[in-house]
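Heads up, target_16.cif below (mmCIF, C-alpha atoms and all ligand atoms):
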data_my_file
#
loop_
_atom_site.label_atom_id
_atom_site.label_comp_id
_atom_site.auth_asym_id
_atom_site.auth_seq_id
_atom_site.Cartn_x
_atom_site.Cartn_y
_atom_site.Cartn_z
CA MET A 1 41.62 -81.33 -37.72
CA ALA A 2 41.60 -77.51 -37.98
CA ASN A 3 44.88 -75.70 -38.17
CA THR A 4 45.17 -73.82 -34.87
CA ASN A 5 46.56 -70.69 -36.47
CA THR A 6 43.67 -70.32 -38.87
CA THR A 7 41.21 -71.17 -36.08
CA ILE A 8 42.19 -68.12 -34.06
CA ASP A 9 42.95 -65.77 -36.96
CA ALA A 10 39.99 -63.44 -37.42
CA VAL A 11 41.16 -61.55 -40.46
CA THR A 12 43.17 -63.77 -42.80
CA ASN A 13 41.15 -65.57 -45.42
CA PRO A 14 42.66 -69.09 -45.48
CA THR A 15 41.56 -69.91 -48.98
CA ASN A 16 41.01 -68.32 -52.34
CA ASN A 17 39.29 -71.43 -53.56
CA THR A 18 36.39 -70.29 -55.71
CA ALA A 19 35.60 -73.70 -57.19
CA PRO A 20 31.88 -74.41 -57.47
CA ILE A 21 30.23 -76.29 -54.63
CA ASP A 22 30.36 -80.05 -55.02
CA MET A 23 26.99 -80.85 -53.46
CA VAL A 24 27.32 -84.62 -53.80
CA LYS A 25 30.64 -84.56 -51.97
CA THR A 26 29.28 -82.16 -49.35
CA ILE A 27 26.27 -84.36 -48.58
CA LYS A 28 28.40 -87.50 -48.49
CA ASN A 29 30.83 -85.93 -46.02
CA LEU A 30 28.00 -84.69 -43.79
CA GLU A 31 26.37 -88.14 -43.80
CA ARG A 32 29.71 -89.71 -42.89
CA ASN A 33 29.56 -87.49 -39.78
CA ASN A 34 26.14 -88.97 -38.92
CA PHE A 35 24.10 -85.95 -39.95
CA VAL A 36 20.88 -86.53 -41.93
CA VAL A 37 20.87 -84.30 -45.00
CA HIS A 38 18.10 -83.12 -47.33
CA TYR A 39 18.72 -80.87 -50.31
CA PHE A 40 16.03 -78.69 -51.94
CA GLU A 41 16.11 -76.40 -54.94
CA THR A 42 13.76 -73.84 -53.36
CA GLY A 43 12.71 -72.58 -49.95
CA GLU A 44 9.14 -73.49 -50.84
CA ASP A 45 10.12 -77.14 -51.30
CA ALA A 46 12.02 -77.11 -48.01
CA ILE A 47 9.03 -75.66 -46.15
CA ALA A 48 6.74 -78.33 -47.63
CA TYR A 49 9.14 -80.98 -46.35
CA LEU A 50 9.40 -79.42 -42.87
CA LYS A 51 5.60 -79.21 -42.64
CA SER A 52 5.32 -82.92 -43.44
CA ARG A 53 8.19 -83.82 -41.12
CA ILE A 54 7.38 -81.78 -37.98
CA GLN A 55 3.86 -82.32 -36.64
CA ASN A 56 2.34 -82.57 -33.15
CA LYS A 57 5.62 -81.62 -31.49
CA ARG A 58 6.84 -79.07 -28.98
CA VAL A 59 8.95 -76.89 -31.27
CA ALA A 60 11.42 -74.06 -30.67
CA LEU A 61 13.10 -71.68 -33.08
CA GLY A 62 16.48 -70.05 -32.51
CA ASP A 63 17.59 -66.65 -33.74
CA SER A 64 17.88 -66.99 -37.50
CA ARG A 65 17.31 -64.63 -40.40
CA THR A 66 16.97 -67.70 -42.63
CA LEU A 67 14.05 -69.10 -40.59
CA GLN A 68 12.42 -65.66 -40.59
CA THR A 69 12.80 -65.28 -44.36
CA LEU A 70 11.30 -68.71 -44.97
CA LYS A 71 8.46 -68.02 -42.47
CA VAL A 72 9.13 -71.26 -40.64
CA TYR A 73 7.16 -70.11 -37.57
CA GLU A 74 4.04 -69.48 -39.64
CA ALA A 75 4.47 -72.82 -41.47
CA LEU A 76 4.72 -74.92 -38.30
CA GLU A 77 2.52 -72.94 -35.90
CA GLY A 78 -0.86 -74.51 -36.65
CA GLN A 79 0.14 -78.15 -36.70
CA ASN A 80 2.24 -78.50 -33.57
CA ILE A 81 1.42 -78.67 -29.85
CA GLU A 82 3.46 -75.60 -29.01
CA ILE A 83 5.98 -73.36 -30.73
CA THR A 84 8.45 -71.05 -29.03
CA ASP A 85 10.29 -68.39 -31.00
CA ILE A 86 13.10 -66.41 -29.38
CA HIS A 87 11.75 -63.36 -31.26
CA ARG A 88 8.21 -63.76 -29.87
CA PRO A 89 8.31 -63.47 -26.07
CA LEU A 90 5.13 -63.91 -24.09
CA ASP A 91 3.66 -60.78 -22.49
CA GLY A 92 5.87 -59.65 -19.61
CA GLU A 93 8.56 -62.23 -20.36
CA ASN A 94 12.23 -61.21 -20.39
CA PHE A 95 14.89 -62.60 -22.77
CA ARG A 96 16.16 -65.20 -20.30
CA GLN A 97 12.67 -66.58 -19.74
CA THR A 98 12.00 -66.82 -23.47
CA ALA A 99 15.39 -68.43 -24.08
CA LEU A 100 14.77 -71.00 -21.35
CA ARG A 101 11.46 -71.89 -23.02
CA THR A 102 13.37 -72.81 -26.19
CA MET A 103 15.22 -75.54 -24.29
CA GLN A 104 14.22 -79.18 -23.83
CA ARG A 105 11.79 -79.14 -26.77
CA ASP A 106 11.07 -82.09 -29.05
CA VAL A 107 12.41 -80.15 -32.02
CA PHE A 108 14.77 -77.19 -32.28
CA LEU A 109 15.36 -75.34 -35.56
CA THR A 110 18.09 -72.86 -36.28
CA SER A 111 20.60 -72.05 -39.00
CA ILE A 112 24.36 -72.17 -39.23
CA ASN A 113 27.02 -69.53 -39.90
CA ALA A 114 29.02 -71.77 -42.23
CA LEU A 115 29.04 -75.34 -43.52
CA ALA A 116 32.24 -76.89 -44.85
CA GLN A 117 32.19 -79.22 -47.85
CA THR A 118 34.39 -81.48 -45.73
CA GLY A 119 31.39 -82.18 -43.47
CA GLU A 120 31.66 -79.83 -40.47
CA MET A 121 29.56 -76.82 -39.45
CA VAL A 122 30.39 -73.64 -37.51
CA ASN A 123 28.25 -71.35 -35.36
CA ILE A 124 29.20 -68.27 -33.35
CA ASP A 125 27.10 -67.18 -30.38
CA GLY A 126 27.16 -64.22 -28.03
CA THR A 127 24.68 -65.32 -25.36
CA GLY A 128 24.91 -69.06 -25.91
CA ASN A 129 21.25 -70.06 -25.91
CA ARG A 130 21.13 -70.83 -29.64
CA VAL A 131 24.20 -73.03 -29.61
CA ALA A 132 23.19 -74.64 -26.30
CA CYS A 133 19.82 -75.74 -27.72
CA SER A 134 21.55 -77.18 -30.78
CA LEU A 135 23.94 -79.29 -28.68
CA PHE A 136 21.84 -80.74 -25.86
CA GLY A 137 18.29 -81.03 -24.54
CA SER A 138 16.40 -81.13 -27.85
CA GLU A 139 15.47 -84.54 -29.26
CA GLU A 140 15.84 -83.43 -32.87
CA VAL A 141 17.72 -80.43 -34.26
CA PHE A 142 17.29 -79.00 -37.75
CA PHE A 143 19.85 -76.68 -39.33
CA VAL A 144 18.33 -74.80 -42.28
CA LEU A 145 20.71 -72.96 -44.61
CA GLY A 146 21.21 -71.58 -48.09
CA THR A 147 24.06 -72.66 -50.34
CA ASN A 148 25.67 -69.21 -49.82
CA LYS A 149 26.93 -70.54 -46.47
CA ILE A 150 28.88 -73.49 -47.91
CA THR A 151 32.69 -73.15 -47.89
CA PRO A 152 35.47 -75.35 -49.31
CA ASP A 153 36.78 -76.54 -45.94
CA LEU A 154 36.68 -76.02 -42.17
CA SER A 155 39.24 -73.19 -42.13
CA ALA A 156 37.17 -71.28 -44.67
CA ALA A 157 34.01 -72.02 -42.64
CA ILE A 158 35.58 -70.51 -39.52
CA TYR A 159 36.74 -67.53 -41.56
CA ARG A 160 33.23 -67.07 -42.95
CA ALA A 161 31.58 -67.34 -39.52
CA ARG A 162 33.91 -64.70 -38.06
CA ASN A 163 34.33 -62.28 -40.94
CA VAL A 164 31.14 -62.58 -42.99
CA ALA A 165 28.31 -63.86 -40.78
CA ALA A 166 29.22 -62.26 -37.45
CA PRO A 167 29.67 -58.66 -38.73
CA GLN A 168 26.31 -58.87 -40.52
CA ASN A 169 24.65 -60.20 -37.39
CA VAL A 170 26.17 -57.28 -35.49
CA VAL A 171 24.59 -54.84 -37.94
CA LYS A 172 21.24 -56.59 -37.35
CA ASN A 173 21.69 -56.22 -33.57
CA LYS A 174 21.19 -52.52 -32.79
CA LYS A 175 22.78 -52.88 -29.34
CA SER A 176 26.12 -53.64 -31.00
CA SER A 177 26.08 -50.72 -33.46
CA LYS A 178 29.29 -49.23 -32.01
CA ASN A 179 31.34 -52.40 -32.53
CA PRO A 180 34.11 -51.83 -35.11
CA CYS A 181 32.73 -54.42 -37.53
CA ALA A 182 29.36 -52.63 -37.54
CA ILE A 183 30.99 -49.28 -38.26
CA ARG A 184 33.33 -50.48 -41.01
CA GLN A 185 31.25 -53.44 -42.22
CA ASP A 186 34.16 -55.31 -43.79
CA LYS A 187 35.56 -57.91 -41.35
CA CYS A 188 35.92 -58.93 -37.71
CA TYR A 189 38.26 -56.82 -35.56
CA ASP A 190 38.31 -59.30 -32.66
CA CYS A 191 36.93 -56.49 -30.53
CA GLY A 192 36.66 -56.09 -26.78
CA SER A 193 33.26 -54.43 -26.98
CA PRO A 194 30.86 -55.10 -24.09
CA ASP A 195 28.29 -55.86 -26.81
CA ARG A 196 30.54 -58.29 -28.69
CA ILE A 197 28.34 -61.04 -30.14
CA CYS A 198 31.21 -63.49 -30.76
CA ASN A 199 31.84 -65.07 -27.37
CA ALA A 200 31.79 -68.73 -28.38
CA LEU A 201 32.66 -70.51 -31.60
CA THR A 202 31.20 -73.99 -31.96
CA ILE A 203 32.37 -76.58 -34.47
CA TYR A 204 29.92 -79.41 -35.12
CA TYR A 205 32.19 -82.28 -36.08
CA LYS A 206 29.59 -85.03 -35.83
CA LYS A 207 26.05 -85.65 -34.53
CA MET A 208 25.88 -85.20 -30.78
CA ARG A 209 25.65 -88.36 -28.71
CA ASN A 210 22.18 -88.95 -27.16
CA MET A 211 20.44 -86.70 -29.69
CA ASP A 212 18.02 -88.60 -31.93
CA ILE A 213 18.67 -86.69 -35.13
CA MET A 214 20.66 -83.71 -36.33
CA GLU A 215 19.22 -82.90 -39.72
CA ILE A 216 20.60 -80.44 -42.24
CA ILE A 217 18.28 -78.77 -44.75
CA ILE A 218 20.29 -77.29 -47.62
CA ILE A 219 18.42 -74.94 -49.97
CA ASN A 220 19.84 -73.83 -53.31
CA GLU A 221 19.21 -70.13 -52.58
CA ASP A 222 21.02 -67.25 -50.85
CA LEU A 223 19.54 -67.12 -47.35
CA GLY A 224 20.60 -65.33 -44.19
CA PHE A 225 24.12 -64.14 -43.53
S1 LIG A 301 31.46 -58.11 -32.58
FE1 LIG A 301 33.70 -57.90 -32.34
S2 LIG A 301 34.43 -60.04 -32.38
FE2 LIG A 301 32.35 -60.03 -33.29
S3 LIG A 301 32.58 -59.74 -35.52
FE3 LIG A 301 32.37 -57.71 -34.60
S4 LIG A 301 34.49 -57.02 -34.25
FE4 LIG A 301 34.54 -59.24 -34.49
#

What is this structure when it is put down as structure tokens?
Ligand code: SF4
Amino acid sequence: MANTNTTIDAVTNPTNNTAPIDMVKTIKNLERNNFVVHYFETGEDAIAYLKSRIQNKRVALGDSRTLQTLKVYEALEGQNIEITDIHRPLDGENFRQTALRTMQRDVFLTSINALAQTGEMVNIDGTGNRVACSLFGSEEVFFVLGTNKITPDLSAAIYRARNVAAPQNVVKNKKSSKNPCAIRQDKCYDCGSPDRICNALTIYYKKMRNMDIMEIIIINEDLGF
């Protein structure tokens, strides 16, 4: 279980552990938590797998630089019944309408802010639609990530989500450009900004009940934040 103090501490790095990632141990711990795991050396290999795995489905993509970099939308678009991307609203559609279309799909794909070698994952969300889709309503959820997001343990994963991933996501989000982390670009300041993007922190301990599969695609590349 996470230490409460490190869970709420936005600025103190809980570990200086720089040991190399033990991928075998990481995969074993994730599988013990009922996640399905696939490891690929390249993004190209991962895309080939996703194309073979996801066909004739109603698919949705959450906000993710990793999915954009890998061109997951383009890979899956032609071979599925329908694909909804939070970044591709229909004409005249507002954000809420697009976000609602990403819910209750056969398949939802997103990424993760941090994955602990001990078998847990962490995501931060400002609006909640990305995390909501990953927790309920989708039959299958895929988390696609690069090895740069793997941390030694859960405390380090929470630290990474708050102090590495979130500030970079703030920089990406122009609306939040006045937040202190966007100005200083070094860490989280636990701000009270109206455009704060860190309103919920989700820890995935195990596969959600009633969801068919939660599958983790680990790629041996630096991807996303
Ligand atoms: S938006 Fe606020 S809470 Fe989120 S990382 Fe930046 S300073 Fe921290």

Margin query: Just want the residues within 12 Å of ligand LIG 301 (chain A), written as a ChimeraX atom specification, counting all atoms listed in the file.
Written below: /A:8-11,124-126,158-201

Written file, previous selection with C-alpha atoms, as a short mmCIF file (atom, residue, chain, number, x, y, z; two decimals), in the frame of the given file:
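Result went into again_32.cif, see below:
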data_model
loop_
_atom_site.label_atom_id
_atom_site.label_comp_id
_atom_site.auth_asym_id
_atom_site.auth_seq_id
_atom_site.Cartn_x
_atom_site.Cartn_y
_atom_site.Cartn_z
CA ILE A 8 42.19 -68.12 -34.06
CA ASP A 9 42.95 -65.77 -36.96
CA ALA A 10 39.99 -63.44 -37.42
CA VAL A 11 41.16 -61.55 -40.46
CA ILE A 124 29.20 -68.27 -33.35
CA ASP A 125 27.10 -67.18 -30.38
CA GLY A 126 27.16 -64.22 -28.03
CA ILE A 158 35.58 -70.51 -39.52
CA TYR A 159 36.74 -67.53 -41.56
CA ARG A 160 33.23 -67.07 -42.95
CA ALA A 161 31.58 -67.34 -39.52
CA ARG A 162 33.91 -64.70 -38.06
CA ASN A 163 34.33 -62.28 -40.94
CA VAL A 164 31.14 -62.58 -42.99
CA ALA A 165 28.31 -63.86 -40.78
CA ALA A 166 29.22 -62.26 -37.45
CA PRO A 167 29.67 -58.66 -38.73
CA GLN A 168 26.31 -58.87 -40.52
CA ASN A 169 24.65 -60.20 -37.39
CA VAL A 170 26.17 -57.28 -35.49
CA VAL A 171 24.59 -54.84 -37.94
CA LYS A 172 21.24 -56.59 -37.35
CA ASN A 173 21.69 -56.22 -33.57
CA LYS A 174 21.19 -52.52 -32.79
CA LYS A 175 22.78 -52.88 -29.34
CA SER A 176 26.12 -53.64 -31.00
CA SER A 177 26.08 -50.72 -33.46
CA LYS A 178 29.29 -49.23 -32.01
CA ASN A 179 31.34 -52.40 -32.53
CA PRO A 180 34.11 -51.83 -35.11
CA CYS A 181 32.73 -54.42 -37.53
CA ALA A 182 29.36 -52.63 -37.54
CA ILE A 183 30.99 -49.28 -38.26
CA ARG A 184 33.33 -50.48 -41.01
CA GLN A 185 31.25 -53.44 -42.22
CA ASP A 186 34.16 -55.31 -43.79
CA LYS A 187 35.56 -57.91 -41.35
CA CYS A 188 35.92 -58.93 -37.71
CA TYR A 189 38.26 -56.82 -35.56
CA ASP A 190 38.31 -59.30 -32.66
CA CYS A 191 36.93 -56.49 -30.53
CA GLY A 192 36.66 -56.09 -26.78
CA SER A 193 33.26 -54.43 -26.98
CA PRO A 194 30.86 -55.10 -24.09
CA ASP A 195 28.29 -55.86 -26.81
CA ARG A 196 30.54 -58.29 -28.69
CA ILE A 197 28.34 -61.04 -30.14
CA CYS A 198 31.21 -63.49 -30.76
CA ASN A 199 31.84 -65.07 -27.37
CA ALA A 200 31.79 -68.73 -28.38
CA LEU A 201 32.66 -70.51 -31.60
#

Using all atoms listed in the file, what does the table of segment 25-119 of chain A residues within 8 Å of segment 146-149 of chain A look like, with each row giving the shortest atom pair and its distance in Å to one decimal, sorted by chain and ascending number, as a tab-separated table?
residue	atom	partner	partner_atom	distance
A:Thr66	CA	A:Gly146	CA	7.9
A:Ile112	CA	A:Lys149	CA	7.9
A:Asn113	CA	A:Lys149	CA	6.6
A:Ala114	CA	A:Lys149	CA	4.9
A:Leu115	CA	A:Lys149	CA	6.0

Next item on the list: Tell me, in Å to one decimal, how far atom CA of Thr69 of chain A is from atom CA of Leu145 of chain A.
Entry: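 Distance reported for this atom pair: 11.0 Å.
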
Note to self: Using only C-alpha atoms, can you tell me which of A:Ala132, A:Ala60, A:Ala19, A:Leu70 comes closest to Asp45 of chain A?
What the structure shows: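 Checking each candidate against Asp45 of chain A, we get A:Leu70 as the closest.
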
Check: Please, what distance in Å, to one decimal, runs between atom CA of Ile27 of chain A and atom CA of Leu61 of chain A?
Finding: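 These atoms are spaced 24.0 Å apart.
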
Next item on the list: For Thr84 of chain A, work out the shell of residues within 10 Å, counting only C-alpha atoms and skipping chain neighbours fewer than 6 positions away, then give it as JSON, numbers by chain.
Entry: {"A": [58, 59, 60, 61, 62, 73, 77, 90, 98, 99, 100, 101, 102, 103, 105, 108]}

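Proximity to Leu30 of chain A was assessed for A:Glu93, A:Glu139, A:Glu215, A:Asp85 counting all atoms listed in the file; the smallest distance is recorded for A:Glu215.
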
Which centre and edge lengths in Å to one decimal define the box along x, y and z that fits every listed atom of segment 95-110 of chain A plus 8 Å per side, as lines of an AutoDock Vina configuration file?
center_x = 14.6
center_y = -72.3
center_z = -28.0
size_x = 23.0
size_y = 35.5
size_z = 32.5

Next item on the list: Tell me which of A:Met208, A:Ile21, A:Leu67, A:Ala116 sits closest to Leu50 of chain A, counting only C-alpha atoms.
Entry: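 Going through A:Met208, A:Ile21, A:Leu67, A:Ala116 one by one, the smallest distance to Leu50 of chain A is for A:Leu67.
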
Notebook entry, point to check: Separation of atom CA of Asn56 of chain A and atom CA of Ile81 of chain A, in Å?
Noted result: 5.2 Å

Next item on the list: Write out as number ranges by chain which residues come within 10 Å of Gln68 of chain A when counting all atoms listed in the file, dropping same-chain ones fewer than 5 positions away.
Entry: A: 61, 63, 73-74, 87, 223-224

Next item on the list: Show which residues sit within 12 Å of Pro20 of chain A, as an NGL selection string. Count all atoms listed in the file, and ignore same-chain residues fewer than 6 positions away.
Entry: :A and (26 or 117 or 147-148 or 150-152)

Next item on the list: Tell me, as a list in words, which residues lie within 8 Å of Met211 of chain A, counting all atoms listed in the file; anything in the same chain fewer than 3 positions away does not count.
Entry: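 Close residues of Met211 of chain A: Phe136, Gly137, Ser138, Glu139, Glu140, Lys207, Met208 and Met214 of chain A.
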
Check: Using all atoms listed in the file, which of A:Met23, A:Lys71, A:Phe95, A:Ser64 sits nearest Glu44 of chain A?
Finding: A:Lys71

Notebook entry, point to check: Please, which residues are within 6 Å of (19.6, -78.4, -45.1) by the file's coordinates, counting all atoms listed in the file, and could they come as a list in words?
Noted result: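 Residues found, by chain and rising number: His38, Tyr39, Val144, Leu145, Ile216, Ile217 and Ile218 of chain A.
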